[in-house]
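Comments concern the structure below.
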Amino acid sequence: MLHSDIFYLFLIIALGYILGNIKIKGFSLDISAILIVALIAGHFGITIPPSFKFFGLAIFIYAVGLQSGPGFFEAIKENGIKFNFLSLLLLMLIFSLIFSLGLYLSLPDSVIDGIFTGAISSAPALAAALELKNSPNLSIAFGVVYPFAIFATIMFVRFLPQILKADIQKEIKEFEAKQHLLHPDIITKNFKITNENFKNTTIYKSQIEKMTATVIERVESSQPCEQETEDPILHYGDIVRVSGTEDQLKNLRIILGEELKEPYKFHDDMKVYRLLVTSKDVVGRKIGELKELKPLHATITKVRRSGIDIPPYPTLSLRLGDKLYVVAPQKYEKKLTKLIGNDLLKYPAADFLPIALGIVIGIFVGNIPFGIPYLGTFKFSFVGGILITALILGRIGRTGRIVWQLSPHSNSLMKVLGQLIFLATIGTNSGKFLFEAIKNHGWIAIVLGLFGILLPLFITTFVARKIFKMNLLDIMGVISGAMTSTPSLSMANNVVNSDYPSIGYAAVYPFAMVLSIILAEIGIKLI
């Protein structure tokens, strides 16, 4: 076994990890060190079977798509068009610049495409190009350019506040104010019904909720009523506790009457629970479908997701990790907690039926041909098909009893392991051509790759700031996402000391990955 493929695969990964974690003045090779070690191993005759490449890539892309799917479609509704236009602009500029200069310098097509995929640090784009043309020059050019491109992108993001002469604290305050307008906090207030109309008219709790888009959590009435009724009648003089946005509660006060400024103690056994959605029976289901809440007399008052308050609309699908604010009688606490889950560690580590089924569907989708005018027929390929399928399945969440979402631990493991196996495999199979390729095209590839990303980065930043008037935090996130560069996002989060740039990153990352795959295929077909 000392000379087996498995031994060499994990030896390369181990050595690459050791090398990648060495930091010099804050910079490290990170995951690109795996590729460097693999290229050297390949030069000395060690190779990993090519089938490992597709296995690693399949689980990596599938995990990325599942994780990005829900946020991708939500982001499109808000800033998605603007953000993804900038992503399109940046990638098209990089593509045009590298390919035009590469052709002018008479570089081989595989080298140019390798420089492009390395410049945008996209392993999936490299895989798509290799699927069309399995040339070692592709992988070598990618491996030569990749570390320098990553470093250049990280440094660009690091010094972006200085480039734009931006006050970081001011930018954070403006960003938070904008986010608050888009997603106002859901708060709770107490009201006393003093509107005379409630004396002579039968008005149900559900009518007020529908009219004001609020949630009435608790009702205390002096009138005799059926205990724990699902939709009680509201009476003049009743005390109610209601959840909603500030504007919604202002409108509600006009309808109900008096807002109680002092705290009020309700004389019931209702309690507010903050529960994490981790039950496989709940993940992916719409709030309106949770009929199990009715026997428990439980009401969801708000959903907390990625730091944002979301009203509990009946059509809202619950995701793994959502925090639910639920009001229910204290006697049902155990049943309610069991229903929602409230323990990420108890979520199934991985149900391999959805993983296998999703990847199979993705491979079929990748083989469906489609035409682009003047360019011919294309396929999303192995990579693109799996990514698109995973994005859709991640957005759907579940189909019947099949839950497509994975736990954070499973998703992270699949992403990292898949990428490591992919890089180790392509590196060893291209390593035998390493020194020859560096000798012939090495420095040209590095210079072309760096020039090909830095100029477009400056242009895109100028458009984002001067034309779209975008916040610094959004710009940092969009650039990192468009370059599919997780290390750049980490740098952005460190610079501003928050994870706000992650919102822009999540909005463009899936689109940028799909676009980079298409551009890599176009690059091979055009030359």
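As shown in the structure tokens, the chain order sets the letters A, B, ...; within each chain, residues go from 1, and ligands are also counted from 1 in the order they appear.
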
Might you pull out every residue within 10 Å of Leu103 of chain A, with only C-alpha atoms counted and same-chain residues fewer than 5 positions away left off, and present them as a PDB file with N, CA, C and O atoms, in the first residue's frame?
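This is the output file out-v8.pdb:
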ATOM      1  N   ILE A  98      -7.203  39.033 -21.273  1.00  0.00           N
ATOM      2  CA  ILE A  98      -6.253  37.918 -21.288  1.00  0.00           C
ATOM      3  C   ILE A  98      -6.227  37.231 -22.654  1.00  0.00           C
ATOM      4  O   ILE A  98      -5.150  36.914 -23.182  1.00  0.00           O
ATOM      5  N   PRO A 108      -0.222  29.392 -26.950  1.00  0.00           N
ATOM      6  CA  PRO A 108      -1.150  28.296 -27.262  1.00  0.00           C
ATOM      7  C   PRO A 108      -2.501  28.513 -26.572  1.00  0.00           C
ATOM      8  O   PRO A 108      -2.566  29.085 -25.481  1.00  0.00           O
ATOM      9  N   ASP A 109      -3.569  28.032 -27.219  1.00  0.00           N
ATOM     10  CA  ASP A 109      -4.905  28.237 -26.673  1.00  0.00           C
ATOM     11  C   ASP A 109      -5.068  27.642 -25.276  1.00  0.00           C
ATOM     12  O   ASP A 109      -5.708  28.231 -24.400  1.00  0.00           O
ATOM     13  N   ILE A 112      -3.497  29.997 -22.731  1.00  0.00           N
ATOM     14  CA  ILE A 112      -4.321  31.200 -22.504  1.00  0.00           C
ATOM     15  C   ILE A 112      -5.498  30.870 -21.589  1.00  0.00           C
ATOM     16  O   ILE A 112      -5.804  31.598 -20.641  1.00  0.00           O
ATOM     17  N   ILE A 527     -10.730  29.610 -30.110  1.00  0.00           N
ATOM     18  CA  ILE A 527      -9.371  29.629 -30.681  1.00  0.00           C
ATOM     19  C   ILE A 527      -9.173  28.424 -31.582  1.00  0.00           C
ATOM     20  O   ILE A 527      -9.414  27.311 -31.196  1.00  0.00           O
TER      21      ILE A 527
END

Per residue of segment 355-409 of chain A within 9 Å of segment 496-512 of chain A, what are the shortest atom pair and its distance in Å to one decimal, counting only C-alpha atoms, with rows by chain and residue number, as a Markdown table?
| residue | atom | partner | partner_atom | distance |
| --- | --- | --- | --- | --- |
| A:Leu387 | CA | A:Pro510 | CA | 8.2 |
| A:Ile388 | CA | A:Pro510 | CA | 8.7 |
| A:Leu391 | CA | A:Pro510 | CA | 8.0 |

So that I can check the surroundings of segment 142-150 of chain A, please list as a PDB file with all heavy atoms, in the first residue's frame every protein, DNA and RNA residue that reaches within 6 Å of it, counting only C-alpha atoms and ignoring chain neighbours fewer than 5 positions away.
ATOM      1  N   GLY A 114      -5.707  28.405 -19.497  1.00  0.00           N
ATOM      2  CA  GLY A 114      -5.169  28.110 -18.173  1.00  0.00           C
ATOM      3  C   GLY A 114      -4.863  29.379 -17.402  1.00  0.00           C
ATOM      4  O   GLY A 114      -5.119  29.464 -16.188  1.00  0.00           O
ATOM      5  N   ILE A 115      -4.324  30.398 -18.099  1.00  0.00           N
ATOM      6  CA  ILE A 115      -4.049  31.689 -17.458  1.00  0.00           C
ATOM      7  C   ILE A 115      -5.361  32.327 -16.994  1.00  0.00           C
ATOM      8  O   ILE A 115      -5.452  32.848 -15.879  1.00  0.00           O
ATOM      9  CB  ILE A 115      -3.311  32.635 -18.433  1.00  0.00           C
ATOM     10  CG1 ILE A 115      -1.922  32.090 -18.752  1.00  0.00           C
ATOM     11  CG2 ILE A 115      -3.210  34.048 -17.853  1.00  0.00           C
ATOM     12  CD1 ILE A 115      -1.205  32.837 -19.855  1.00  0.00           C
ATOM     13  N   GLY A 118      -6.801  30.419 -14.021  1.00  0.00           N
ATOM     14  CA  GLY A 118      -5.944  30.665 -12.861  1.00  0.00           C
ATOM     15  C   GLY A 118      -6.092  32.076 -12.341  1.00  0.00           C
ATOM     16  O   GLY A 118      -6.081  32.306 -11.122  1.00  0.00           O
ATOM     17  N   ALA A 119      -6.261  33.048 -13.250  1.00  0.00           N
ATOM     18  CA  ALA A 119      -6.406  34.448 -12.853  1.00  0.00           C
ATOM     19  C   ALA A 119      -7.667  34.672 -12.039  1.00  0.00           C
ATOM     20  O   ALA A 119      -7.671  35.460 -11.092  1.00  0.00           O
ATOM     21  CB  ALA A 119      -6.409  35.350 -14.083  1.00  0.00           C
ATOM     22  N   SER A 121      -9.041  32.279 -10.354  1.00  0.00           N
ATOM     23  CA  SER A 121      -8.924  31.253  -9.299  1.00  0.00           C
ATOM     24  C   SER A 121     -10.126  30.317  -9.269  1.00  0.00           C
ATOM     25  O   SER A 121     -10.692  30.049  -8.213  1.00  0.00           O
ATOM     26  CB  SER A 121      -8.717  31.900  -7.928  1.00  0.00           C
ATOM     27  OG  SER A 121      -9.803  32.728  -7.580  1.00  0.00           O
ATOM     28  N   ILE A 446       2.419  34.591 -15.747  1.00  0.00           N
ATOM     29  CA  ILE A 446       2.218  35.313 -14.485  1.00  0.00           C
ATOM     30  C   ILE A 446       1.908  36.790 -14.745  1.00  0.00           C
ATOM     31  O   ILE A 446       0.955  37.348 -14.203  1.00  0.00           O
ATOM     32  CB  ILE A 446       3.450  35.165 -13.585  1.00  0.00           C
ATOM     33  CG1 ILE A 446       3.603  33.710 -13.130  1.00  0.00           C
ATOM     34  CG2 ILE A 446       3.348  36.095 -12.368  1.00  0.00           C
ATOM     35  CD1 ILE A 446       4.917  33.411 -12.456  1.00  0.00           C
TER      36      ILE A 446
END

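If you measure from each of A:Trp404, A:Tyr313, A:Phe7, A:Phe44 to Leu353 of chain A using only C-alpha atoms, the closest one turns out to be A:Trp404.
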
- Message: as number ranges by chain, please: the residues near Leu393 of chain A (cut-off 10 Å, only C-alpha atoms, same-chain neighbours under 2 positions excluded).
- Response: A: 62, 65-67, 69-70, 354, 358, 387-391, 395-399, 403-405

How would the residues just chosen look if you wrote them out with C-alpha atoms as a PDB file, in the first residue's frame?
ATOM      1  CA  TYR A  62     -22.573  19.891  -5.408  1.00  0.00           C
ATOM      2  CA  GLY A  65     -24.416  24.740  -5.050  1.00  0.00           C
ATOM      3  CA  LEU A  66     -26.511  23.453  -2.141  1.00  0.00           C
ATOM      4  CA  GLN A  67     -25.014  26.031   0.186  1.00  0.00           C
ATOM      5  CA  GLY A  69     -28.795  28.097  -3.718  1.00  0.00           C
ATOM      6  CA  PRO A  70     -31.126  29.722  -1.154  1.00  0.00           C
ATOM      7  CA  PRO A 354     -30.090  13.018  -1.931  1.00  0.00           C
ATOM      8  CA  GLY A 358     -28.597  15.162  -6.996  1.00  0.00           C
ATOM      9  CA  LEU A 387     -23.802  23.307 -10.010  1.00  0.00           C
ATOM     10  CA  ILE A 388     -27.099  24.423 -11.576  1.00  0.00           C
ATOM     11  CA  THR A 389     -28.897  21.353 -10.221  1.00  0.00           C
ATOM     12  CA  ALA A 390     -27.485  21.922  -6.723  1.00  0.00           C
ATOM     13  CA  LEU A 391     -28.494  25.609  -6.786  1.00  0.00           C
ATOM     14  CA  ARG A 395     -33.412  26.568  -3.084  1.00  0.00           C
ATOM     15  CA  ILE A 396     -36.205  23.952  -3.045  1.00  0.00           C
ATOM     16  CA  GLY A 397     -34.920  22.481   0.218  1.00  0.00           C
ATOM     17  CA  ARG A 398     -36.922  19.271   0.097  1.00  0.00           C
ATOM     18  CA  THR A 399     -39.061  17.146  -2.223  1.00  0.00           C
ATOM     19  CA  VAL A 403     -34.314  16.701   2.218  1.00  0.00           C
ATOM     20  CA  TRP A 404     -31.690  18.166  -0.117  1.00  0.00           C
ATOM     21  CA  GLN A 405     -30.009  20.451   2.431  1.00  0.00           C
TER      22      GLN A 405
END

- Query: Just asking: which residues within segment 147-215 of chain A are strand (DSSP E) according to DSSP, as a list in words?
  - Reply: Ile187, Thr188, Lys189, Asn190, Phe191, Lys192, Ile193, Ile203, Tyr204 and Val215 of chain A

- Item | DSSP-assigned helix (DSSP H, G or I) among segment 211-408 of chain A, expressed as number ranges by chain | A: 211-212, 246-256, 287-289, 291-293, 330-340, 344-346, 352-366, 381-396, 408

- Item | Which residue of A:His43, A:Lys286, A:Arg158, A:Lys173 approaches Ile479 of chain A most closely, using only C-alpha atoms | A:Arg158

- Query: How many Å lie between atom CA of Lys192 of chain A and atom CA of Ile239 of chain A, rounded to one decimal?
  - Reply: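 Result for atom CA of Lys192 of chain A versus atom CA of Ile239 of chain A: 4.6 Å, one decimal.
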
- Query: In terms of the shortest atom-to-atom distance over only C-alpha atoms, which of A:Thr461, A:Asn134, A:Val326, A:Ser221 is closest to Ile233 of chain A?
  - Reply: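 Ranked by minimum distance to Ile233 of chain A, first place goes to A:Ser221.
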
- Task: State, in Å with one decimal place, the distance from atom CA of Ile300 of chain A to atom CA of Leu320 of chain A.
- Result: 16.0 Å

- Message: Neighbouring residues of Ala125 of chain A were defined as those with any atom within 10 Å, considering only C-alpha atoms; residues of the same chain fewer than 3 positions away were excluded. Please report them as a ChimeraX atom specification.
- Response: /A:113-114,116-118,120-122,128-131,383-384,513-521

Could you dump the residues just selected with N, CA, C and O atoms as a compact mmCIF listing (two decimals), in the first residue's frame?
# COMPACT_ATOMS: atom_id res chain seq x y z
N ASP A 113 -6.17 29.76 -21.87
CA ASP A 113 -7.32 29.38 -21.05
C ASP A 113 -6.88 29.02 -19.63
O ASP A 113 -7.59 29.30 -18.67
N GLY A 114 -5.71 28.41 -19.50
CA GLY A 114 -5.17 28.11 -18.17
C GLY A 114 -4.86 29.38 -17.40
O GLY A 114 -5.12 29.46 -16.19
N PHE A 116 -6.38 32.27 -17.86
CA PHE A 116 -7.67 32.87 -17.51
C PHE A 116 -8.29 32.20 -16.28
O PHE A 116 -8.69 32.88 -15.33
N THR A 117 -8.35 30.87 -16.27
CA THR A 117 -8.95 30.17 -15.14
C THR A 117 -8.12 30.34 -13.87
O THR A 117 -8.67 30.42 -12.77
N GLY A 118 -6.80 30.42 -14.02
CA GLY A 118 -5.94 30.67 -12.86
C GLY A 118 -6.09 32.08 -12.34
O GLY A 118 -6.08 32.31 -11.12
N ILE A 120 -8.74 33.95 -12.40
CA ILE A 120 -9.99 34.11 -11.64
C ILE A 120 -10.10 33.04 -10.55
O ILE A 120 -11.15 32.88 -9.92
N SER A 121 -9.04 32.28 -10.35
CA SER A 121 -8.92 31.25 -9.30
C SER A 121 -10.13 30.32 -9.27
O SER A 121 -10.69 30.05 -8.21
N SER A 122 -10.51 29.83 -10.46
CA SER A 122 -11.71 28.99 -10.56
C SER A 122 -11.35 27.57 -10.99
O SER A 122 -11.16 27.30 -12.18
N ALA A 128 -13.99 22.48 -16.50
CA ALA A 128 -14.82 22.56 -17.70
C ALA A 128 -13.96 22.65 -18.95
O ALA A 128 -14.26 22.03 -19.98
N ALA A 129 -12.87 23.42 -18.88
CA ALA A 129 -11.97 23.53 -20.02
C ALA A 129 -11.26 22.20 -20.29
O ALA A 129 -11.11 21.79 -21.45
N LEU A 130 -10.84 21.53 -19.23
CA LEU A 130 -10.17 20.23 -19.39
C LEU A 130 -11.11 19.19 -19.98
O LEU A 130 -10.66 18.27 -20.69
N GLU A 131 -12.40 19.35 -19.73
CA GLU A 131 -13.37 18.41 -20.29
C GLU A 131 -13.42 18.52 -21.81
O GLU A 131 -13.67 17.54 -22.51
N VAL A 383 -19.44 19.91 -14.77
CA VAL A 383 -19.36 20.87 -13.66
C VAL A 383 -20.59 21.75 -13.59
O VAL A 383 -21.25 21.87 -12.56
N GLY A 384 -20.91 22.39 -14.72
CA GLY A 384 -22.04 23.32 -14.75
C GLY A 384 -23.36 22.66 -14.45
O GLY A 384 -24.23 23.23 -13.78
N MET A 513 -19.51 31.75 -10.81
CA MET A 513 -18.97 30.42 -11.07
C MET A 513 -19.51 29.84 -12.38
O MET A 513 -18.77 29.30 -13.19
N VAL A 514 -20.83 29.99 -12.58
CA VAL A 514 -21.43 29.49 -13.83
C VAL A 514 -20.85 30.25 -15.03
O VAL A 514 -20.51 29.65 -16.05
N LEU A 515 -20.74 31.58 -14.90
CA LEU A 515 -20.22 32.38 -16.00
C LEU A 515 -18.77 32.03 -16.30
O LEU A 515 -18.37 31.95 -17.48
N SER A 516 -17.95 31.81 -15.28
CA SER A 516 -16.55 31.45 -15.50
C SER A 516 -16.44 30.12 -16.24
O SER A 516 -15.55 29.93 -17.08
N ILE A 517 -17.34 29.19 -15.94
CA ILE A 517 -17.35 27.89 -16.63
C ILE A 517 -17.67 28.08 -18.11
O ILE A 517 -16.99 27.53 -18.99
N ILE A 518 -18.69 28.91 -18.39
CA ILE A 518 -19.08 29.16 -19.78
C ILE A 518 -17.96 29.86 -20.53
O ILE A 518 -17.64 29.52 -21.68
N LEU A 519 -17.33 30.87 -19.91
CA LEU A 519 -16.25 31.60 -20.56
C LEU A 519 -15.05 30.70 -20.83
O LEU A 519 -14.40 30.81 -21.89
N ALA A 520 -14.74 29.80 -19.89
CA ALA A 520 -13.62 28.87 -20.11
C ALA A 520 -13.90 27.97 -21.30
O ALA A 520 -13.00 27.68 -22.11
N GLU A 521 -15.15 27.52 -21.47
CA GLU A 521 -15.52 26.69 -22.62
C GLU A 521 -15.48 27.50 -23.91
O GLU A 521 -15.01 27.02 -24.95
